[in-house]
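Below is the file target29.csv, which contains CSV, C-alpha atoms.
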chain,number,residue,atom,x,y,z
B,1,MET,CA,-59.1,246.4,-1.6
B,2,ILE,CA,-61.7,244.6,-3.7
B,3,LYS,CA,-59.6,241.5,-4.1
B,4,LEU,CA,-58.9,241.5,-0.4
B,5,ILE,CA,-62.7,241.5,0.4
B,6,ASP,CA,-63.2,238.6,-2.0
B,7,ARG,CA,-60.5,236.5,-0.3
B,8,TYR,CA,-61.9,237.4,3.1
B,9,ILE,CA,-65.4,236.3,2.2
B,10,VAL,CA,-64.2,233.1,0.6
B,11,ARG,CA,-62.2,232.2,3.6
B,12,GLU,CA,-65.3,232.6,5.7
B,13,LEU,CA,-67.0,229.9,3.6
B,14,ILE,CA,-64.3,227.3,3.3
B,15,ASP,CA,-64.4,225.9,6.9
B,16,PRO,CA,-68.2,225.6,7.0
B,17,PHE,CA,-68.1,224.0,3.5
B,18,ILE,CA,-65.8,221.3,4.7
B,19,PHE,CA,-67.9,220.9,7.9
B,20,GLY,CA,-71.0,220.5,5.7
B,21,LEU,CA,-69.3,217.9,3.5
B,22,LEU,CA,-68.4,215.8,6.5
B,23,ALA,CA,-71.8,216.3,8.3
B,24,PHE,CA,-74.0,215.5,5.3
B,25,THR,CA,-71.7,212.6,4.2
B,26,LEU,CA,-72.3,211.0,7.6
B,27,ILE,CA,-76.1,211.6,7.4
B,28,LEU,CA,-76.6,210.5,3.8
B,29,SER,CA,-74.2,207.6,3.7
B,30,ALA,CA,-75.9,206.2,6.8
B,31,SER,CA,-79.4,206.5,5.2
B,32,MET,CA,-78.6,205.7,1.6
B,33,VAL,CA,-75.7,203.2,1.7
B,34,LEU,CA,-74.8,201.8,5.2
B,35,PHE,CA,-78.2,200.4,6.1
B,36,GLU,CA,-78.4,198.4,2.9
B,37,LEU,CA,-74.8,197.1,3.2
B,38,THR,CA,-75.2,196.2,6.9
B,39,ARG,CA,-78.3,194.2,6.0
B,40,ALA,CA,-76.3,192.4,3.3
B,41,VAL,CA,-73.5,191.6,5.7
B,42,VAL,CA,-75.8,190.3,8.5
B,43,ILE,CA,-78.5,188.6,6.5
B,44,TYR,CA,-76.7,187.4,3.3
B,45,GLY,CA,-73.2,187.0,4.7
B,46,MET,CA,-71.5,189.5,2.5
B,47,PRO,CA,-67.7,189.8,3.5
B,48,ILE,CA,-67.1,193.0,5.4
B,49,LEU,CA,-64.2,193.9,3.1
B,50,VAL,CA,-66.4,193.6,0.0
B,51,ALA,CA,-69.1,195.7,1.8
B,52,PHE,CA,-66.5,198.4,2.6
B,53,LYS,CA,-65.4,198.4,-1.1
B,54,ILE,CA,-69.0,198.8,-2.2
B,55,PHE,CA,-69.5,201.6,0.3
B,56,VAL,CA,-66.5,203.4,-1.1
B,57,PHE,CA,-67.8,203.0,-4.7
B,58,ARG,CA,-71.2,204.2,-3.7
B,59,LEU,CA,-70.0,207.4,-2.0
B,60,PRO,CA,-69.5,209.4,-5.3
B,61,SER,CA,-73.2,209.0,-6.2
B,62,VAL,CA,-74.1,210.3,-2.7
B,63,ALA,CA,-71.5,213.1,-3.0
B,64,VAL,CA,-73.4,214.6,-5.9
B,65,TYR,CA,-76.2,215.5,-3.5
B,66,ILE,CA,-73.9,216.5,-0.7
B,67,PHE,CA,-72.1,219.3,-2.6
B,68,PRO,CA,-75.3,221.5,-2.9
B,69,MET,CA,-76.1,220.9,0.7
B,70,ALA,CA,-72.6,221.8,1.9
B,71,THR,CA,-72.7,224.9,-0.2
B,72,LEU,CA,-75.9,226.0,1.4
B,73,LEU,CA,-74.6,225.3,4.9
B,74,ALA,CA,-71.3,227.2,4.2
B,75,VAL,CA,-73.1,230.3,3.0
B,76,LEU,CA,-75.6,230.2,5.8
B,77,LEU,CA,-72.9,229.9,8.5
B,78,GLY,CA,-70.5,232.3,6.7
B,79,PHE,CA,-73.0,235.1,6.3
B,80,GLY,CA,-74.4,234.3,9.7
B,81,ARG,CA,-71.0,235.0,11.3
B,82,LEU,CA,-70.6,238.2,9.2
B,83,SER,CA,-74.0,239.4,10.2
B,84,LYS,CA,-73.6,238.6,13.9
B,85,ASP,CA,-70.4,240.6,14.1
B,86,SER,CA,-72.0,243.5,12.2
B,87,GLU,CA,-69.5,243.1,9.4
B,88,ILE,CA,-72.2,243.3,6.8
B,89,ILE,CA,-73.2,246.6,8.2
B,90,ALA,CA,-69.6,247.7,8.2
B,91,PHE,CA,-69.3,246.8,4.5
B,92,LYS,CA,-72.4,248.8,3.6
B,93,ALA,CA,-71.2,251.8,5.6
B,94,SER,CA,-67.9,251.6,3.6
B,95,GLY,CA,-70.0,251.9,0.4
B,96,ILE,CA,-69.8,248.2,-0.5
B,97,SER,CA,-73.2,246.9,-1.4
B,98,LEU,CA,-74.6,243.5,-0.7
B,99,TYR,CA,-74.6,242.8,-4.4
B,100,ARG,CA,-70.8,243.3,-4.5
B,101,ILE,CA,-70.4,241.1,-1.4
B,102,MET,CA,-72.4,238.4,-3.2
B,103,VAL,CA,-69.9,238.2,-6.2
B,104,PRO,CA,-67.3,235.9,-4.6
B,105,VAL,CA,-70.2,233.8,-3.1
B,106,LEU,CA,-71.8,233.3,-6.5
B,107,ILE,CA,-68.4,232.6,-8.2
B,108,MET,CA,-67.7,230.0,-5.6
B,109,GLY,CA,-71.2,228.5,-6.1
B,110,LEU,CA,-70.6,228.3,-9.8
B,111,LEU,CA,-67.2,226.7,-9.4
B,112,ILE,CA,-68.7,224.0,-7.1
B,113,SER,CA,-71.5,223.5,-9.6
B,114,VAL,CA,-69.0,222.9,-12.4
B,115,LEU,CA,-67.0,220.6,-10.2
B,116,THR,CA,-70.1,218.6,-9.3
B,117,LEU,CA,-71.1,218.3,-12.9
B,118,VAL,CA,-67.7,216.9,-13.9
B,119,PHE,CA,-67.9,214.6,-10.9
B,120,TYR,CA,-71.4,213.4,-12.0
B,121,GLU,CA,-70.1,212.9,-15.6
B,122,VAL,CA,-66.8,211.2,-14.9
B,123,VAL,CA,-66.7,209.5,-11.5
B,124,VAL,CA,-70.2,208.5,-10.7
B,125,PRO,CA,-71.0,206.2,-13.7
B,126,GLU,CA,-67.7,204.3,-13.3
B,127,SER,CA,-68.0,204.0,-9.5
B,128,ASN,CA,-71.6,202.7,-9.8
B,129,LYS,CA,-70.5,200.1,-12.4
B,130,ALA,CA,-67.7,198.9,-10.0
B,131,ALA,CA,-70.2,198.6,-7.1
B,132,LYS,CA,-72.6,196.6,-9.2
B,133,ASN,CA,-69.9,194.3,-10.5
B,134,LEU,CA,-68.9,193.6,-6.9
B,135,MET,CA,-72.5,192.9,-6.0
B,136,ILE,CA,-72.8,190.4,-8.9
B,137,GLU,CA,-69.6,188.6,-7.8
B,138,VAL,CA,-71.1,188.2,-4.3
B,139,GLN,CA,-74.4,187.0,-5.7
B,140,THR,CA,-72.8,184.3,-7.8
B,141,LYS,CA,-71.3,182.7,-4.7
B,142,ARG,CA,-74.8,181.9,-3.5
B,143,SER,CA,-77.9,180.9,-5.4
B,144,PRO,CA,-78.0,183.6,-8.1
B,145,LYS,CA,-81.2,185.0,-9.4
B,146,ILE,CA,-82.2,183.7,-12.9
B,147,GLU,CA,-83.3,186.3,-15.3
B,148,GLU,CA,-84.9,185.5,-18.7
B,149,ASN,CA,-84.8,187.0,-22.2
B,150,ILE,CA,-82.0,189.5,-21.8
B,151,PHE,CA,-81.9,191.9,-24.7
B,152,VAL,CA,-79.3,194.6,-25.1
B,153,PRO,CA,-78.4,196.7,-28.2
B,154,GLU,CA,-75.0,198.3,-28.6
B,155,MET,CA,-74.6,201.6,-30.4
B,156,GLU,CA,-71.6,203.5,-31.8
B,157,GLY,CA,-71.9,207.0,-33.3
B,158,GLY,CA,-75.7,206.8,-33.2
B,159,ARG,CA,-75.8,203.6,-35.3
B,160,LEU,CA,-76.6,200.0,-34.2
B,161,THR,CA,-73.5,197.8,-34.3
B,162,ARG,CA,-74.6,194.8,-32.2
B,163,MET,CA,-77.7,193.2,-31.0
B,164,PHE,CA,-77.2,191.0,-27.9
B,165,TYR,CA,-79.7,188.3,-26.6
B,166,ALA,CA,-79.5,185.7,-23.9
B,167,ARG,CA,-82.3,183.3,-23.0
B,168,THR,CA,-81.3,183.2,-19.4
B,169,LEU,CA,-78.8,185.0,-17.1
B,170,SER,CA,-77.8,183.4,-13.8
B,171,GLY,CA,-75.0,185.4,-12.1
B,172,SER,CA,-72.2,185.4,-14.6
B,173,GLU,CA,-73.4,182.5,-16.7
B,174,MET,CA,-75.7,182.9,-19.7
B,175,LYS,CA,-77.6,180.3,-21.7
B,176,GLY,CA,-78.9,180.5,-25.3
B,177,VAL,CA,-76.8,183.4,-26.5
B,178,ILE,CA,-77.2,185.1,-29.8
B,179,VAL,CA,-75.1,188.1,-31.0
B,180,SER,CA,-76.0,189.9,-34.2
B,181,GLU,CA,-73.2,192.0,-35.6
B,182,PHE,CA,-73.9,195.0,-38.0
B,183,THR,CA,-71.5,196.7,-40.4
B,184,ASP,CA,-72.6,200.0,-42.0
B,185,GLY,CA,-76.2,199.3,-41.1
B,186,ARG,CA,-76.3,195.7,-42.5
B,187,LEU,CA,-76.3,192.4,-40.8
B,188,SER,CA,-72.8,191.0,-41.3
B,189,GLN,CA,-72.3,188.2,-38.6
B,190,ILE,CA,-74.4,186.1,-36.2
B,191,ILE,CA,-72.9,184.3,-33.2
B,192,ASN,CA,-75.0,181.5,-31.7
B,193,ALA,CA,-73.7,179.8,-28.6
B,194,GLY,CA,-75.1,177.4,-26.1
B,195,SER,CA,-73.6,179.3,-23.1
B,196,ALA,CA,-71.3,182.1,-22.1
B,197,SER,CA,-69.4,182.9,-18.9
B,198,TRP,CA,-67.9,186.1,-17.7
B,199,ASN,CA,-64.1,186.3,-17.0
B,200,SER,CA,-63.5,189.0,-14.5
B,201,ASP,CA,-59.7,188.9,-15.1
B,202,THR,CA,-59.9,189.8,-18.8
B,203,ASN,CA,-63.3,191.5,-18.7
B,204,GLN,CA,-64.5,189.4,-21.6
B,205,TRP,CA,-67.1,186.7,-22.2
B,206,THR,CA,-66.1,183.2,-23.0
B,207,PHE,CA,-68.6,181.7,-25.5
B,208,LYS,CA,-68.9,177.9,-25.5
B,209,ASN,CA,-70.3,175.4,-28.0
B,210,GLY,CA,-71.2,177.9,-30.7
B,211,THR,CA,-71.3,178.7,-34.3
B,212,ILE,CA,-70.3,181.9,-36.2
B,213,TYR,CA,-72.3,182.7,-39.3
B,214,ILE,CA,-70.6,185.2,-41.6
B,215,LEU,CA,-72.9,186.9,-44.2
B,216,ALA,CA,-72.0,188.5,-47.5
B,217,ASP,CA,-72.9,192.1,-48.5
B,218,SER,CA,-76.0,190.7,-50.2
B,219,GLY,CA,-77.2,189.2,-47.0
B,220,GLU,CA,-76.6,185.6,-48.2
B,221,TYR,CA,-74.7,183.0,-46.1
B,222,LYS,CA,-70.9,183.1,-46.8
B,223,HIS,CA,-68.9,181.2,-44.1
B,224,LEU,CA,-69.6,179.0,-41.1
B,225,ILE,CA,-67.2,178.6,-38.2
B,226,LYS,CA,-67.9,176.2,-35.3
B,227,PHE,CA,-66.1,176.5,-32.0
B,228,ASP,CA,-65.9,174.9,-28.6
B,229,GLU,CA,-64.7,178.0,-26.8
B,230,GLN,CA,-64.2,181.5,-28.0
B,231,GLN,CA,-63.3,184.8,-26.2
B,232,ILE,CA,-65.6,187.6,-27.4
B,233,ALA,CA,-65.2,191.2,-26.3
B,234,ILE,CA,-68.6,192.7,-25.4
B,235,LYS,CA,-68.6,195.9,-23.4
B,236,TYR,CA,-71.5,194.8,-21.1
B,237,SER,CA,-70.6,193.1,-17.8
B,238,PRO,CA,-73.0,190.8,-15.9
B,239,ALA,CA,-73.8,193.9,-13.8
B,240,ASP,CA,-75.0,195.7,-16.9
B,241,LEU,CA,-77.0,192.8,-18.2
B,242,SER,CA,-78.6,191.8,-14.9
B,243,ILE,CA,-80.7,195.0,-14.8
B,244,GLY,CA,-82.0,194.4,-18.3
B,245,ASP,CA,-81.6,198.1,-19.1
B,246,LYS,CA,-78.8,200.5,-18.1
B,247,SER,CA,-79.7,202.9,-15.3
B,248,PRO,CA,-79.3,206.7,-16.0
B,249,ASP,CA,-76.9,206.8,-13.0
B,250,ASP,CA,-74.6,204.4,-14.9
B,251,MET,CA,-74.3,206.7,-17.9
B,252,ASN,CA,-72.8,210.1,-18.6
B,253,ILE,CA,-74.8,212.8,-20.5
B,254,HIS,CA,-73.5,211.7,-23.9
B,255,ASP,CA,-74.2,208.0,-23.3
B,256,LEU,CA,-77.7,208.8,-22.0
B,257,ARG,CA,-78.5,210.8,-25.0
B,258,GLN,CA,-77.5,207.9,-27.3
B,259,PHE,CA,-79.5,205.6,-25.1
B,260,ILE,CA,-82.6,207.8,-25.4
B,261,ALA,CA,-82.2,208.0,-29.2
B,262,LEU,CA,-82.1,204.3,-29.4
B,263,LYS,CA,-85.2,203.8,-27.2
B,264,GLU,CA,-87.1,206.3,-29.3
B,265,LYS,CA,-86.3,204.3,-32.4
B,266,MET,CA,-87.6,201.2,-30.6
B,267,GLY,CA,-90.8,203.0,-29.8
B,268,VAL,CA,-90.2,203.1,-26.1
B,269,LYS,CA,-91.5,206.0,-24.0
B,270,VAL,CA,-88.5,208.0,-22.9
B,271,THR,CA,-90.0,210.9,-20.9
B,272,ASP,CA,-88.5,209.7,-17.6
B,273,PHE,CA,-85.1,209.2,-19.2
B,274,LYS,CA,-85.2,212.8,-20.7
B,275,ILE,CA,-86.0,214.1,-17.2
B,276,GLN,CA,-83.1,212.2,-15.8
B,277,LEU,CA,-80.9,213.6,-18.5
B,278,ASN,CA,-81.8,217.2,-17.6
B,279,MET,CA,-81.4,216.3,-13.9
B,280,LYS,CA,-77.8,215.5,-14.5
B,281,MET,CA,-77.2,219.2,-15.2
B,282,ALA,CA,-79.9,220.7,-12.9
B,283,ILE,CA,-78.7,219.0,-9.7
B,284,PRO,CA,-75.1,220.2,-9.9
B,285,PHE,CA,-76.2,223.8,-10.5
B,286,ALA,CA,-78.3,223.6,-7.3
B,287,CYS,CA,-74.9,224.6,-5.7
B,288,PHE,CA,-75.1,228.0,-7.4
B,289,VAL,CA,-78.8,228.4,-6.5
B,290,PHE,CA,-78.1,227.5,-2.8
B,291,ALA,CA,-75.3,230.0,-2.7
B,292,LEU,CA,-77.7,232.7,-4.0
B,293,LEU,CA,-80.4,231.6,-1.5
B,294,GLY,CA,-78.2,231.0,1.5
B,295,ALA,CA,-76.6,234.4,1.8
B,296,PRO,CA,-79.8,236.5,2.6
B,297,LEU,CA,-81.0,233.7,4.8
B,298,GLY,CA,-77.8,233.8,6.8
B,299,ILE,CA,-78.0,237.6,7.3
B,300,SER,CA,-79.7,237.9,10.7
B,301,PRO,CA,-79.1,239.8,13.9
B,302,ARG,CA,-79.3,236.5,15.7
B,303,ARG,CA,-76.3,234.2,16.0
B,304,VAL,CA,-76.4,231.3,13.4
B,305,SER,CA,-74.5,228.5,15.1
B,306,SER,CA,-73.4,225.3,13.4
B,307,SER,CA,-76.4,223.4,14.8
B,308,VAL,CA,-78.9,226.1,13.8
B,309,GLY,CA,-77.3,226.4,10.3
B,310,LEU,CA,-77.4,222.6,9.9
B,311,GLY,CA,-81.1,222.6,10.9
B,312,MET,CA,-81.9,225.5,8.5
B,313,SER,CA,-80.0,223.7,5.7
B,314,ILE,CA,-82.0,220.5,6.2
B,315,ILE,CA,-85.3,222.5,6.1
B,316,VAL,CA,-84.4,224.3,2.9
B,317,ILE,CA,-83.1,221.1,1.3
B,318,PHE,CA,-86.2,219.3,2.3
B,319,ILE,CA,-88.4,221.9,0.6
B,320,TYR,CA,-86.1,221.9,-2.4
B,321,TYR,CA,-86.5,218.1,-2.8
B,322,VAL,CA,-90.2,218.3,-2.3
B,323,LEU,CA,-90.3,220.7,-5.2
B,324,MET,CA,-88.0,218.5,-7.2
B,325,PHE,CA,-90.0,215.3,-6.8
B,326,SER,CA,-93.3,217.2,-7.4
B,327,SER,CA,-91.8,218.7,-10.6
B,328,MET,CA,-90.5,215.3,-11.7
B,329,ALA,CA,-94.0,213.9,-11.2
B,330,PHE,CA,-95.5,216.6,-13.3
B,331,GLY,CA,-92.9,215.8,-16.0
B,332,GLU,CA,-93.7,212.1,-16.0
B,333,LEU,CA,-97.4,213.0,-16.3
B,334,GLU,CA,-96.3,215.2,-19.3
B,335,TRP,CA,-97.9,218.3,-17.8
B,336,VAL,CA,-94.6,220.0,-18.3
B,337,SER,CA,-91.6,219.3,-20.6
B,338,PRO,CA,-88.6,217.3,-19.2
B,339,PRO,CA,-86.3,220.4,-19.1
B,340,VAL,CA,-88.9,222.4,-17.2
B,341,ALA,CA,-89.5,219.4,-14.8
B,342,ALA,CA,-85.8,219.2,-14.1
B,343,TRP,CA,-85.0,222.9,-13.8
B,344,LEU,CA,-88.2,224.3,-12.2
B,345,PRO,CA,-87.0,223.8,-8.6
B,346,ASN,CA,-83.8,225.7,-9.4
B,347,LEU,CA,-85.7,228.5,-11.0
B,348,ILE,CA,-88.1,228.8,-8.1
B,349,CYS,CA,-85.3,228.8,-5.5
B,350,ALA,CA,-83.3,231.2,-7.5
B,351,GLY,CA,-86.2,233.5,-7.8
B,352,ILE,CA,-86.7,233.4,-4.0
B,353,GLY,CA,-83.0,234.0,-3.5
B,354,ILE,CA,-83.0,237.1,-5.7
B,355,TYR,CA,-86.1,238.5,-3.9
B,356,PHE,CA,-84.4,238.1,-0.5
B,357,VAL,CA,-81.1,239.5,-1.7
B,358,ASN,CA,-82.8,242.6,-3.1
B,359,ARG,CA,-84.8,243.0,0.2
B,360,SER,CA,-81.6,242.6,2.3
B,361,ALA,CA,-79.7,245.0,0.1
B,362,GLN,CA,-82.3,247.7,0.6
B,363,THR,CA,-82.3,247.5,4.4
If you took the structure in this file and wrote it as structure tokens, what would it be?
Amino acid sequence: MIKLIDRYIVRELIDPFIFGLLAFTLILSASMVLFELTRAVVIYGMPILVAFKIFVFRLPSVAVYIFPMATLLAVLLGFGRLSKDSEIIAFKASGISLYRIMVPVLIMGLLISVLTLVFYEVVVPESNKAAKNLMIEVQTKRSPKIEENIFVPEMEGGRLTRMFYARTLSGSEMKGVIVSEFTDGRLSQIINAGSASWNSDTNQWTFKNGTIYILADSGEYKHLIKFDEQQIAIKYSPADLSIGDKSPDDMNIHDLRQFIALKEKMGVKVTDFKIQLNMKMAIPFACFVFALLGAPLGISPRRVSSSVGLGMSIIVIFIYYVLMFSSMAFGELEWVSPPVAAWLPNLICAGIGIYFVNRSAQT
């Protein structure tokens, strides 16, 4: 009997969840992606096929915000239907409390949260990199922007393994390139090249007119190798180098932690990066919070239609993001710690949800 109730409630949530995914995808993709790409096609002449590919690659970063919204809408509409048809009253009359009815809802919210977290960790960084690489390829076909003094360190296992510098970066071409290689914490090799170009087929840099200086364990000069052209594997593409520093959206939690540790060693203020690190976990678990909050809001004697539910979802989400941006601002001002800045909106909304659940359960 209990398992049957769980399946029944989950089935009530599936259709509105899918509806929410589609509705919010249309809304957010139009505002966050399509406008920018349409402008690039019309003004800068970006090929439509390339724009479509970039649109597809950008969708995962939008989907991270869509999952919590769709969860809220699903619970609002699902419980609105149950309330309208007096099924909530029937459950209570049969001795089934609202707390028990909430169990499959919260489990579903938790599963969607975990799915969103995995999506945020695995899919989003790679899709963002692919989108940036396509943008770089398009930019190199017209007058590319010239950036100066590109400096990027490379870490492995928390230790510095390579220091990368380029005097200028123009599209996929670099000038005045110096690469310092480290082995067990000591400088072991220096590569000095006049220029380097990115080969998108091999995902490697071709260094030209350069010299490789190999150093002994004592730090003294050991060997010298001159070359006209040399393929060198560096894990940074032009898209990575063109932004000077990697964006938190391009890294998973492990990489971002290493990035923060490096920046701290360099004496760079990392408060914003720490907030972003905690946001990578807080945003997915907004799905669980919205499942908790949406159920009591959906319980109403009035009919909650799709349009009304969508409107209520937008209002709740707007309030949530106002709280989130305000909390992040407090964190950047260091009025609160980065974990508090990231998780405070979830805690507030969860507290409100628990209050409304308790009040609904007692009526």
Who sits within 12 Å of Val103 (chain B), all atoms listed in the file, same chain under 4 positions skipped, as a PyMOL selection string: chain B and resi 2-3+5-7+9-10+96-99+107-110+288+291-292+295
Can you tell me, as a PyMOL selection string, which residues sit within 12 Å of (-77.0, 230.3, -4.6) in the file's frame, using only C-alpha atoms? chain B and resi 68-76+102-113+284-298+346-354+356-357
Output for the residues just chosen: C-alpha atoms as a PDB file, in the frame of the given file:
ATOM      1  CA  PRO B  68     -75.300 221.500  -2.900  1.00  0.00           C
ATOM      2  CA  MET B  69     -76.100 220.900   0.700  1.00  0.00           C
ATOM      3  CA  ALA B  70     -72.600 221.800   1.900  1.00  0.00           C
ATOM      4  CA  THR B  71     -72.700 224.900  -0.200  1.00  0.00           C
ATOM      5  CA  LEU B  72     -75.900 226.000   1.400  1.00  0.00           C
ATOM      6  CA  LEU B  73     -74.600 225.300   4.900  1.00  0.00           C
ATOM      7  CA  ALA B  74     -71.300 227.200   4.200  1.00  0.00           C
ATOM      8  CA  VAL B  75     -73.100 230.300   3.000  1.00  0.00           C
ATOM      9  CA  LEU B  76     -75.600 230.200   5.800  1.00  0.00           C
ATOM     10  CA  MET B 102     -72.400 238.400  -3.200  1.00  0.00           C
ATOM     11  CA  VAL B 103     -69.900 238.200  -6.200  1.00  0.00           C
ATOM     12  CA  PRO B 104     -67.300 235.900  -4.600  1.00  0.00           C
ATOM     13  CA  VAL B 105     -70.200 233.800  -3.100  1.00  0.00           C
ATOM     14  CA  LEU B 106     -71.800 233.300  -6.500  1.00  0.00           C
ATOM     15  CA  ILE B 107     -68.400 232.600  -8.200  1.00  0.00           C
ATOM     16  CA  MET B 108     -67.700 230.000  -5.600  1.00  0.00           C
ATOM     17  CA  GLY B 109     -71.200 228.500  -6.100  1.00  0.00           C
ATOM     18  CA  LEU B 110     -70.600 228.300  -9.800  1.00  0.00           C
ATOM     19  CA  LEU B 111     -67.200 226.700  -9.400  1.00  0.00           C
ATOM     20  CA  ILE B 112     -68.700 224.000  -7.100  1.00  0.00           C
ATOM     21  CA  SER B 113     -71.500 223.500  -9.600  1.00  0.00           C
ATOM     22  CA  PRO B 284     -75.100 220.200  -9.900  1.00  0.00           C
ATOM     23  CA  PHE B 285     -76.200 223.800 -10.500  1.00  0.00           C
ATOM     24  CA  ALA B 286     -78.300 223.600  -7.300  1.00  0.00           C
ATOM     25  CA  CYS B 287     -74.900 224.600  -5.700  1.00  0.00           C
ATOM     26  CA  PHE B 288     -75.100 228.000  -7.400  1.00  0.00           C
ATOM     27  CA  VAL B 289     -78.800 228.400  -6.500  1.00  0.00           C
ATOM     28  CA  PHE B 290     -78.100 227.500  -2.800  1.00  0.00           C
ATOM     29  CA  ALA B 291     -75.300 230.000  -2.700  1.00  0.00           C
ATOM     30  CA  LEU B 292     -77.700 232.700  -4.000  1.00  0.00           C
ATOM     31  CA  LEU B 293     -80.400 231.600  -1.500  1.00  0.00           C
ATOM     32  CA  GLY B 294     -78.200 231.000   1.500  1.00  0.00           C
ATOM     33  CA  ALA B 295     -76.600 234.400   1.800  1.00  0.00           C
ATOM     34  CA  PRO B 296     -79.800 236.500   2.600  1.00  0.00           C
ATOM     35  CA  LEU B 297     -81.000 233.700   4.800  1.00  0.00           C
ATOM     36  CA  GLY B 298     -77.800 233.800   6.800  1.00  0.00           C
ATOM     37  CA  ASN B 346     -83.800 225.700  -9.400  1.00  0.00           C
ATOM     38  CA  LEU B 347     -85.700 228.500 -11.000  1.00  0.00           C
ATOM     39  CA  ILE B 348     -88.100 228.800  -8.100  1.00  0.00           C
ATOM     40  CA  CYS B 349     -85.300 228.800  -5.500  1.00  0.00           C
ATOM     41  CA  ALA B 350     -83.300 231.200  -7.500  1.00  0.00           C
ATOM     42  CA  GLY B 351     -86.200 233.500  -7.800  1.00  0.00           C
ATOM     43  CA  ILE B 352     -86.700 233.400  -4.000  1.00  0.00           C
ATOM     44  CA  GLY B 353     -83.000 234.000  -3.500  1.00  0.00           C
ATOM     45  CA  ILE B 354     -83.000 237.100  -5.700  1.00  0.00           C
ATOM     46  CA  PHE B 356     -84.400 238.100  -0.500  1.00  0.00           C
ATOM     47  CA  VAL B 357     -81.100 239.500  -1.700  1.00  0.00           C
TER      48      VAL B 357
END
Just how far from CA of Thr211 (chain B) is CA of Leu224 (chain B), in Å to one decimal? 7.0 Å
Quote the spacing between CA of Asn149 (chain B) and CA of Ser237 (chain B) in Å to one decimal place.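 These atoms are spaced 16.1 Å apart.
When CA of Lys132 (chain B) is paired with CA of Trp198 (chain B), their separation reads 14.3 Å.
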Quick one: of B:Gly80, B:Pro248, B:Pro60, B:Gly210, who's nearest to Ile299 (chain B), counting only C-alpha atoms? B:Gly80
At a cut-off of 6 Å, using only C-alpha atoms, what residues contact region 316-331 of chain B? Leave out same-chain residues fewer than 4 positions from it and give the result as number ranges by chain. B: 335-338, 341, 345
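Nearest to Ile27 (chain B) of all the residues B:Ala90, B:Leu4, B:Ala131, B:Leu59 is B:Leu59, counting all atoms listed in the file.
Of the residues under consideration (B:Val123, B:Ile234, B:Val64, B:Ile190), B:Ile190 shows the shortest atom-to-atom contact distance to Ile178 (chain B) when counting only C-alpha atoms.
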Would you list the contacts of Gly194 (chain B) as a PyMOL selection string, taking every protein, DNA or RNA residue within 12 Å and counting all atoms listed in the file, but skipping same-chain residues closer than 6 positions in sequence? chain B and resi 165-168+173-179+206-211+226-230
Excluding same-chain residues fewer than 4 positions from region 252-259 of chain B, what lies within 10 Å of it counting all atoms listed in the file, as a VMD selection string? chain B and resid 118 120 to 126 153 to 159 245 to 248 263 to 264 270 273 to 274 276 to 281
Given all atoms listed in the file as the counted atoms, nearest of B:Phe91, B:Tyr8, B:Phe57, B:Phe164 to Ala130 (chain B): B:Phe57
Can you work out which one of B:Trp343, B:Phe151, B:Phe67, B:Phe79 has the shortest atom-to-atom distance to Val114 (chain B), counting all atoms listed in the file? B:Phe67
